[in-house]
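Quick look at input.pdb (PDB, C-alpha atoms):
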```pdb
ATOM      1  CA  MET A 127     -23.251   1.473  -8.982
ATOM      2  CA  GLN A 128     -23.062   4.646 -11.025
ATOM      3  CA  ALA A 129     -26.706   4.098 -12.029
ATOM      4  CA  ASP A 130     -27.812   3.809  -8.393
ATOM      5  CA  PRO A 131     -26.938   7.083  -6.581
ATOM      6  CA  ALA A 132     -28.565   5.921  -3.335
ATOM      7  CA  LEU A 133     -26.359   2.829  -3.174
ATOM      8  CA  LEU A 134     -23.263   4.708  -4.313
ATOM      9  CA  ALA A 135     -23.812   7.235  -1.525
ATOM     10  CA  GLN A 136     -23.133   4.468   0.997
ATOM     11  CA  ILE A 137     -19.621   3.914  -0.403
ATOM     12  CA  PRO A 138     -17.019   6.080   1.391
ATOM     13  CA  GLY A 139     -15.940   8.817  -1.001
ATOM     14  CA  LYS A 140     -18.580   7.551  -3.459
ATOM     15  CA  ASN A 141     -15.779   5.658  -5.199
ATOM     16  CA  LEU A 142     -16.327   1.891  -5.398
ATOM     17  CA  LYS A 143     -12.929   1.223  -6.998
ATOM     18  CA  ASN A 144     -11.031   2.958  -4.179
ATOM     19  CA  PHE A 145     -13.247   1.197  -1.650
ATOM     20  CA  LEU A 146     -12.410  -2.211  -3.144
ATOM     21  CA  GLY A 147      -8.747  -1.234  -3.282
ATOM     22  CA  GLY A 148      -8.847  -0.410   0.424
ATOM     23  CA  MET A 149     -10.367  -3.812   1.136
ATOM     24  CA  LEU A 150      -7.207  -5.434  -0.256
ATOM     25  CA  ASP A 151      -5.267  -3.998   2.714
ATOM     26  CA  VAL A 152      -7.410  -5.768   5.323
ATOM     27  CA  PRO A 153      -7.376  -9.590   4.983
ATOM     28  CA  ALA A 154     -10.755 -10.075   6.657
ATOM     29  CA  ALA A 155     -12.331  -7.579   4.246
ATOM     30  CA  ARG A 156     -10.389  -8.848   1.235
ATOM     31  CA  ALA A 157     -11.933 -12.294   1.703
ATOM     32  CA  ARG A 158     -15.420 -10.751   1.389
ATOM     33  CA  ILE A 159     -14.861  -9.037  -1.979
ATOM     34  CA  PRO A 160     -16.612 -11.722  -4.099
ATOM     35  CA  TYR A 161     -19.593 -11.765  -1.743
ATOM     36  CA  LEU A 162     -19.796  -7.960  -1.664
ATOM     37  CA  LEU A 163     -19.829  -7.738  -5.467
ATOM     38  CA  GLN A 164     -22.475 -10.451  -5.674
ATOM     39  CA  ASP A 165     -24.644  -8.708  -3.081
ATOM     40  CA  LEU A 166     -24.285  -5.305  -4.756
ATOM     41  CA  ASP A 167     -25.118  -6.833  -8.126
ATOM     42  CA  ARG A 168     -28.383  -8.061  -6.634
ATOM     43  CA  GLY A 169     -29.121  -4.671  -5.098
ATOM     44  CA  GLY A 170     -28.385  -5.853  -1.567
ATOM     45  CA  GLU A 171     -26.679  -3.910   1.203
ATOM     46  CA  THR A 172     -25.975  -6.572   3.855
ATOM     47  CA  GLU A 173     -22.383  -7.275   2.805
ATOM     48  CA  LEU A 174     -21.624  -3.574   2.395
ATOM     49  CA  VAL A 175     -22.706  -2.847   5.967
ATOM     50  CA  SER A 176     -20.647  -5.781   7.245
ATOM     51  CA  VAL A 177     -17.537  -4.841   5.288
ATOM     52  CA  ARG A 178     -17.714  -1.209   6.361
ATOM     53  CA  ALA A 179     -17.842  -2.369   9.987
ATOM     54  CA  THR A 180     -14.809  -4.612   9.404
ATOM     55  CA  LEU A 181     -12.824  -1.747   7.878
ATOM     56  CA  ALA A 182     -13.864   0.615  10.682
ATOM     57  CA  ASP A 183     -12.675  -1.886  13.311
ATOM     58  CA  ALA A 184      -9.370  -2.314  11.495
ATOM     59  CA  ALA A 185      -8.834   1.456  11.305
ATOM     60  CA  ALA A 186      -9.753   1.872  14.964
ATOM     61  CA  SER A 187      -6.973  -0.526  15.933
ATOM     62  CA  LEU A 188      -4.458   2.081  14.752
ATOM     63  CA  GLY A 189      -5.724   4.589  17.297
ATOM     64  CA  SER A 190      -6.527   8.244  16.822
ATOM     65  CA  TYR A 191      -3.930  10.972  17.226
ATOM     66  CA  PRO A 192      -4.022  14.756  16.763
ATOM     67  CA  GLN A 193      -1.295  14.423  14.112
ATOM     68  CA  SER A 194      -3.232  11.875  12.020
ATOM     69  CA  PRO A 195      -4.749  14.405   9.546
ATOM     70  CA  LEU A 196      -1.239  15.730   8.847
ATOM     71  CA  SER A 197       0.058  12.354   7.670
ATOM     72  CA  ILE A 198      -1.418  12.561   4.149
ATOM     73  CA  PRO A 199       0.281  15.896   3.269
ATOM     74  CA  LEU A 200       3.476  14.493   4.795
ATOM     75  CA  VAL A 201       3.243  11.434   2.521
ATOM     76  CA  SER A 202       2.907  13.759  -0.462
ATOM     77  CA  ILE A 203       5.921  15.891   0.495
ATOM     78  CA  ILE A 204       8.237  12.969   1.290
ATOM     79  CA  SER A 205       7.179  10.786  -1.639
ATOM     80  CA  ASN A 206       7.429  13.561  -4.201
ATOM     81  CA  SER A 207      10.819  14.575  -2.798
ATOM     82  CA  GLU A 208      12.316  11.126  -2.297
ATOM     83  CA  ASN A 209      10.947   8.333  -4.460
ATOM     84  CA  ASN A 210       8.187   9.394  -6.798
ATOM     85  CA  LEU A 211       9.174   8.593 -10.363
ATOM     86  CA  GLN A 212       5.845   9.613 -11.890
ATOM     87  CA  PRO A 213       7.001  13.116 -12.963
ATOM     88  CA  SER A 214       9.877  11.610 -14.964
ATOM     89  CA  LEU A 215       7.947   8.606 -16.284
ATOM     90  CA  ARG A 216       4.763  10.562 -16.974
ATOM     91  CA  PRO A 217       5.651  14.235 -17.404
ATOM     92  CA  GLY A 218       2.762  16.656 -17.330
ATOM     93  CA  TRP A 219       0.221  14.125 -16.037
ATOM     94  CA  THR A 220      -3.033  15.475 -14.606
ATOM     95  CA  VAL A 221      -5.997  14.118 -12.642
ATOM     96  CA  ALA A 222      -7.748  13.522 -15.966
ATOM     97  CA  ASP A 223      -4.860  11.308 -17.100
ATOM     98  CA  ILE A 224      -5.081   9.250 -13.910
ATOM     99  CA  ALA A 225      -8.844   8.887 -14.356
ATOM    100  CA  ARG A 226      -8.267   7.598 -17.888
ATOM    101  CA  ASP A 227      -5.605   5.181 -16.618
ATOM    102  CA  GLU A 228      -8.017   3.821 -13.999
ATOM    103  CA  ALA A 229     -11.011   3.481 -16.324
ATOM    104  CA  ASP A 230     -10.587  -0.253 -16.908
ATOM    105  CA  LEU A 231      -9.367  -1.140 -13.409
ATOM    106  CA  LEU A 232     -11.478  -2.758 -10.705
ATOM    107  CA  PHE A 233      -9.166  -1.895  -7.798
ATOM    108  CA  THR A 234      -7.705   1.600  -7.405
ATOM    109  CA  SER A 235      -6.076   3.741  -4.724
ATOM    110  CA  PRO A 236      -6.105   7.450  -3.886
ATOM    111  CA  LEU A 237      -2.283   7.379  -3.785
ATOM    112  CA  PRO A 238      -1.663   8.271  -7.469
ATOM    113  CA  ARG A 239      -3.541  11.537  -6.962
ATOM    114  CA  ILE A 240      -1.638  12.215  -3.740
ATOM    115  CA  LEU A 241       1.612  11.617  -5.626
ATOM    116  CA  LEU A 242       0.603  13.691  -8.632
ATOM    117  CA  GLY A 243       2.805  16.525  -7.462
ATOM    118  CA  GLY A 244       2.518  20.195  -8.199
ATOM    119  CA  GLY A 245       0.789  20.956  -4.927
ATOM    120  CA  LEU A 246       2.886  21.012  -1.776
ATOM    121  CA  PRO A 247       6.506  22.169  -2.091
ATOM    122  CA  THR A 248       9.252  19.563  -2.059
ATOM    123  CA  TYR A 249      12.744  19.852  -0.673
ATOM    124  CA  PRO A 250      15.830  19.893  -2.956
ATOM    125  CA  ARG A 251      17.239  16.569  -4.125
ATOM    126  CA  ASP A 252      20.872  15.896  -3.230
ATOM    127  CA  THR A 253      23.521  13.683  -4.842
ATOM    128  CA  TYR A 254      22.109  10.601  -3.123
ATOM    129  CA  PHE A 255      18.741  10.821  -4.843
ATOM    130  CA  GLY A 256      17.788   7.797  -6.940
ATOM    131  CA  VAL A 257      21.066   5.902  -6.471
ATOM    132  CA  LEU A 258      21.911   2.794  -4.464
ATOM    133  CA  PRO A 259      23.883   3.503  -1.276
ATOM    134  CA  GLU A 260      27.487   2.374  -1.268
ATOM    135  CA  LYS A 261      27.268   1.113   2.312
ATOM    136  CA  MET A 262      24.342   0.042   4.460
ATOM    137  CA  PRO A 263      23.955  -1.327   7.980
ATOM    138  CA  PRO A 264      22.446  -4.823   8.289
ATOM    139  CA  THR A 265      18.962  -4.436   6.840
ATOM    140  CA  LEU A 266      15.828  -6.580   6.954
ATOM    141  CA  VAL A 267      13.056  -6.102   4.378
ATOM    142  CA  LEU A 268       9.621  -7.421   5.343
ATOM    143  CA  GLN A 269       7.249  -7.725   2.415
ATOM    144  CA  GLY A 270       3.781  -9.189   1.978
ATOM    145  CA  THR A 271       3.298 -11.335  -1.111
ATOM    146  CA  LEU A 272      -0.164  -9.805  -1.670
ATOM    147  CA  ASP A 273       0.783  -6.163  -1.118
ATOM    148  CA  PRO A 274      -1.380  -4.135  -3.558
ATOM    149  CA  LYS A 275       0.681  -0.954  -3.137
ATOM    150  CA  THR A 276       4.294  -2.150  -3.139
ATOM    151  CA  PRO A 277       4.708  -5.074  -5.552
ATOM    152  CA  TYR A 278       6.386  -8.115  -4.040
ATOM    153  CA  ALA A 279       8.550  -8.453  -7.160
ATOM    154  CA  GLY A 280       9.761  -4.902  -6.546
ATOM    155  CA  ALA A 281      10.952  -5.788  -3.046
ATOM    156  CA  GLN A 282      12.768  -8.831  -4.417
ATOM    157  CA  ALA A 283      14.436  -6.719  -7.092
ATOM    158  CA  GLN A 284      15.545  -4.059  -4.609
ATOM    159  CA  VAL A 285      17.039  -6.620  -2.218
ATOM    160  CA  ARG A 286      18.768  -8.324  -5.147
ATOM    161  CA  ALA A 287      20.225  -5.016  -6.371
ATOM    162  CA  LEU A 288      21.564  -4.118  -2.918
ATOM    163  CA  THR A 289      23.010  -7.593  -2.459
ATOM    164  CA  GLN A 290      24.727  -7.566  -5.856
ATOM    165  CA  SER A 291      26.198  -4.119  -5.189
ATOM    166  CA  LYS A 292      27.662  -5.469  -1.931
ATOM    167  CA  ALA A 293      26.371  -2.447  -0.026
ATOM    168  CA  GLY A 294      25.913  -4.565   3.074
ATOM    169  CA  LYS A 295      23.953  -7.467   4.509
ATOM    170  CA  VAL A 296      20.375  -7.208   3.237
ATOM    171  CA  ALA A 297      17.804  -9.961   3.862
ATOM    172  CA  LEU A 298      14.208 -10.443   2.740
ATOM    173  CA  SER A 299      11.537 -11.961   4.963
ATOM    174  CA  SER A 300       8.473 -12.769   2.868
ATOM    175  CA  VAL A 301       5.071 -12.825   4.548
ATOM    176  CA  GLN A 302       2.809 -15.090   2.516
ATOM    177  CA  ASN A 303      -0.749 -13.800   1.922
ATOM    178  CA  ALA A 304      -0.032 -10.508   3.702
ATOM    179  CA  PRO A 305      -0.972  -7.119   2.201
ATOM    180  CA  HIS A 306       0.586  -3.695   2.824
ATOM    181  CA  PHE A 307       1.921  -2.535   6.230
ATOM    182  CA  ILE A 308       3.201  -5.800   7.803
ATOM    183  CA  LEU A 309       3.466  -4.273  11.283
ATOM    184  CA  TRP A 310      -0.296  -3.718  11.270
ATOM    185  CA  THR A 311      -1.633  -6.601   9.196
ATOM    186  CA  ALA A 312       0.732  -9.385  10.309
ATOM    187  CA  PRO A 313       2.145  -8.375  13.714
ATOM    188  CA  ALA A 314       3.054 -11.943  14.736
ATOM    189  CA  CYS A 315       5.132 -12.371  11.573
ATOM    190  CA  PHE A 316       6.714  -8.962  12.143
ATOM    191  CA  GLU A 317       7.679  -9.938  15.694
ATOM    192  CA  GLN A 318       9.120 -13.270  14.579
ATOM    193  CA  ALA A 319      11.159 -11.739  11.752
ATOM    194  CA  SER A 320      12.481  -8.774  13.723
ATOM    195  CA  THR A 321      13.373 -10.929  16.748
ATOM    196  CA  ARG A 322      15.387 -13.295  14.557
ATOM    197  CA  PHE A 323      17.057 -10.347  12.822
ATOM    198  CA  ILE A 324      18.102  -8.680  16.091
ATOM    199  CA  ALA A 325      19.462 -12.023  17.332
ATOM    200  CA  GLY A 326      21.588 -12.324  14.200
ATOM    201  CA  LYS A 327      19.697 -15.323  12.820
ATOM    202  CA  PRO A 328      18.955 -15.876   9.110
ATOM    203  CA  ALA A 329      15.744 -14.342   7.764
ATOM    204  CA  GLN A 330      12.778 -16.678   7.771
ATOM    205  CA  ASP A 331       9.532 -16.452   5.808
ATOM    206  CA  CYS A 332       6.169 -16.429   7.531
ATOM    207  CA  THR A 333       2.529 -17.018   6.572
ATOM    208  CA  LEU A 334      -0.364 -14.802   7.617
TER     209      LEU A 334
END
```
structure tokens encoding of this file:
Amino acid sequence: MQADPALLAQIPGKNLKNFLGGMLDVPAARARIPYLLQDLDRGGETELVSVRATLADAAASLGSYPQSPLSIPLVSIISNSENNLQPSLRPGWTVADIARDEADLLFTSPLPRILLGGGLPTYPRDTYFGVLPEKMPPTLVLQGTLDPKTPYAGAQAQVRALTQSKAGKVALSSVQNAPHFILWTAPACFEQASTRFIAGKPAQDCTL
């Protein structure tokens, strides 16, 4: 791709790795990854056009709102204030360090750069930062087993930690084959899980 500027220009952001990473979030596009790579390897463009249309349709289903462009800066502020461990795990990291980290990866995301910090101001951390709550209301965690952004094992570990600390009733509803953002990618599973939760029934897994 890097040797074919004309073909690379057709990739949003001219970044094939981020493009492939975005495909992981849309099941219909994810299923086309092998065919896209095969077509690109042969110099074809048919699959690329088809996949871009699939991703555009998926994005359109979210609607368009005047506040949409503000969501990315908001993600940066909240994440860097609340739950971004990169500064402590990787102090002094720069864009060049992220680029080096991604060099051998096939799938990447723009999120590490958004979470790099040092840009937008964050709000002060209080005594509750980074610690498990002592008490919680009944809580349901919905997690896709193929989430490329929030590891499924991480959700399991968090639910286990909250359960062991006896902070409250915490249940996990696993959505098999689902990626990130269950409400968007697996709405039927979301409805089933939330309806059962509100009715006081045990959590039940679902398959996309």
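The spacing separating atom CA of Thr265 of chain A from atom CA of Ala293 of chain A amounts to 10.3 Å.
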Margin query: Can you spell out as a PyMOL selection string the set of residues that the PyMOL selection byres ((chain A and resi 316-322) around 10) selects in the structure I just provided?
Written below: chain A and resi 266-269+298-301+307-315+323-332
The PyMOL selection byres ((chain A and resi 241) around 8) on the file shown: which residues, as an mmCIF file with C-alpha atoms, in the frame of the given file?
```
data_model
loop_
_atom_site.group_PDB
_atom_site.id
_atom_site.type_symbol
_atom_site.label_atom_id
_atom_site.label_comp_id
_atom_site.auth_asym_id
_atom_site.auth_seq_id
_atom_site.Cartn_x
_atom_site.Cartn_y
_atom_site.Cartn_z
ATOM 1 C CA SER A 202 2.907 13.759 -0.462
ATOM 2 C CA SER A 205 7.179 10.786 -1.639
ATOM 3 C CA ASN A 206 7.429 13.561 -4.201
ATOM 4 C CA ASN A 210 8.187 9.394 -6.798
ATOM 5 C CA GLN A 212 5.845 9.613 -11.890
ATOM 6 C CA LEU A 237 -2.283 7.379 -3.785
ATOM 7 C CA PRO A 238 -1.663 8.271 -7.469
ATOM 8 C CA ARG A 239 -3.541 11.537 -6.962
ATOM 9 C CA ILE A 240 -1.638 12.215 -3.740
ATOM 10 C CA LEU A 242 0.603 13.691 -8.632
ATOM 11 C CA GLY A 243 2.805 16.525 -7.462
#
```
Checklist line | For Arg286 of chain A, the nearest of the candidates A:Ala186, A:Gly218, A:Asp273, A:Leu258, counting all atoms listed in the file | finding: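 Among A:Ala186, A:Gly218, A:Asp273, A:Leu258, it is A:Leu258 that comes nearest to Arg286 of chain A.
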Next item on the list: Using all atoms listed in the file, find the one residue out of A:Leu272, A:Met262, A:Ile159, A:Val221 that sits nearest to His306 of chain A.
Entry: A:Leu272
Margin query: Under the PyMOL selection byres ((chain A and resi 175) around 12), which residues of this model are included? Write them out as a ChimeraX atom specification.
Written below: /A:133,136-138,155,158,162,165-166,170-174,176-182
Taking C-alpha atoms for each residue, export the selection above as a JSON list (two decimals), in the coordinates of the input.
```
[["chain", "number", "residue", "atom", "x", "y", "z"],
["A", 133, "LEU", "CA", -26.36, 2.83, -3.17],
["A", 136, "GLN", "CA", -23.13, 4.47, 1.00],
["A", 137, "ILE", "CA", -19.62, 3.91, -0.40],
["A", 138, "PRO", "CA", -17.02, 6.08, 1.39],
["A", 155, "ALA", "CA", -12.33, -7.58, 4.25],
["A", 158, "ARG", "CA", -15.42, -10.75, 1.39],
["A", 162, "LEU", "CA", -19.80, -7.96, -1.66],
["A", 165, "ASP", "CA", -24.64, -8.71, -3.08],
["A", 166, "LEU", "CA", -24.28, -5.30, -4.76],
["A", 170, "GLY", "CA", -28.38, -5.85, -1.57],
["A", 171, "GLU", "CA", -26.68, -3.91, 1.20],
["A", 172, "THR", "CA", -25.98, -6.57, 3.86],
["A", 173, "GLU", "CA", -22.38, -7.28, 2.80],
["A", 174, "LEU", "CA", -21.62, -3.57, 2.40],
["A", 176, "SER", "CA", -20.65, -5.78, 7.24],
["A", 177, "VAL", "CA", -17.54, -4.84, 5.29],
["A", 178, "ARG", "CA", -17.71, -1.21, 6.36],
["A", 179, "ALA", "CA", -17.84, -2.37, 9.99],
["A", 180, "THR", "CA", -14.81, -4.61, 9.40],
["A", 181, "LEU", "CA", -12.82, -1.75, 7.88],
["A", 182, "ALA", "CA", -13.86, 0.62, 10.68]]
```
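Compared by their closest atoms to Thr248 of chain A, and using all atoms listed in the file, the residues A:Glu260, A:Ala283, A:Pro277, A:Pro199 rank with A:Pro199 nearest.
Among the candidate residues A:Thr271, A:Gln128, A:Gln282, A:Thr276, the one lying nearest to Thr333 of chain A is A:Thr271, with distances computed using only C-alpha atoms.
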Next item on the list: Grab the atom CA of Ser235 of chain A to atom CA of Met149 of chain A distance for me, in Å with one decimal place.
Entry: 10.5 Å
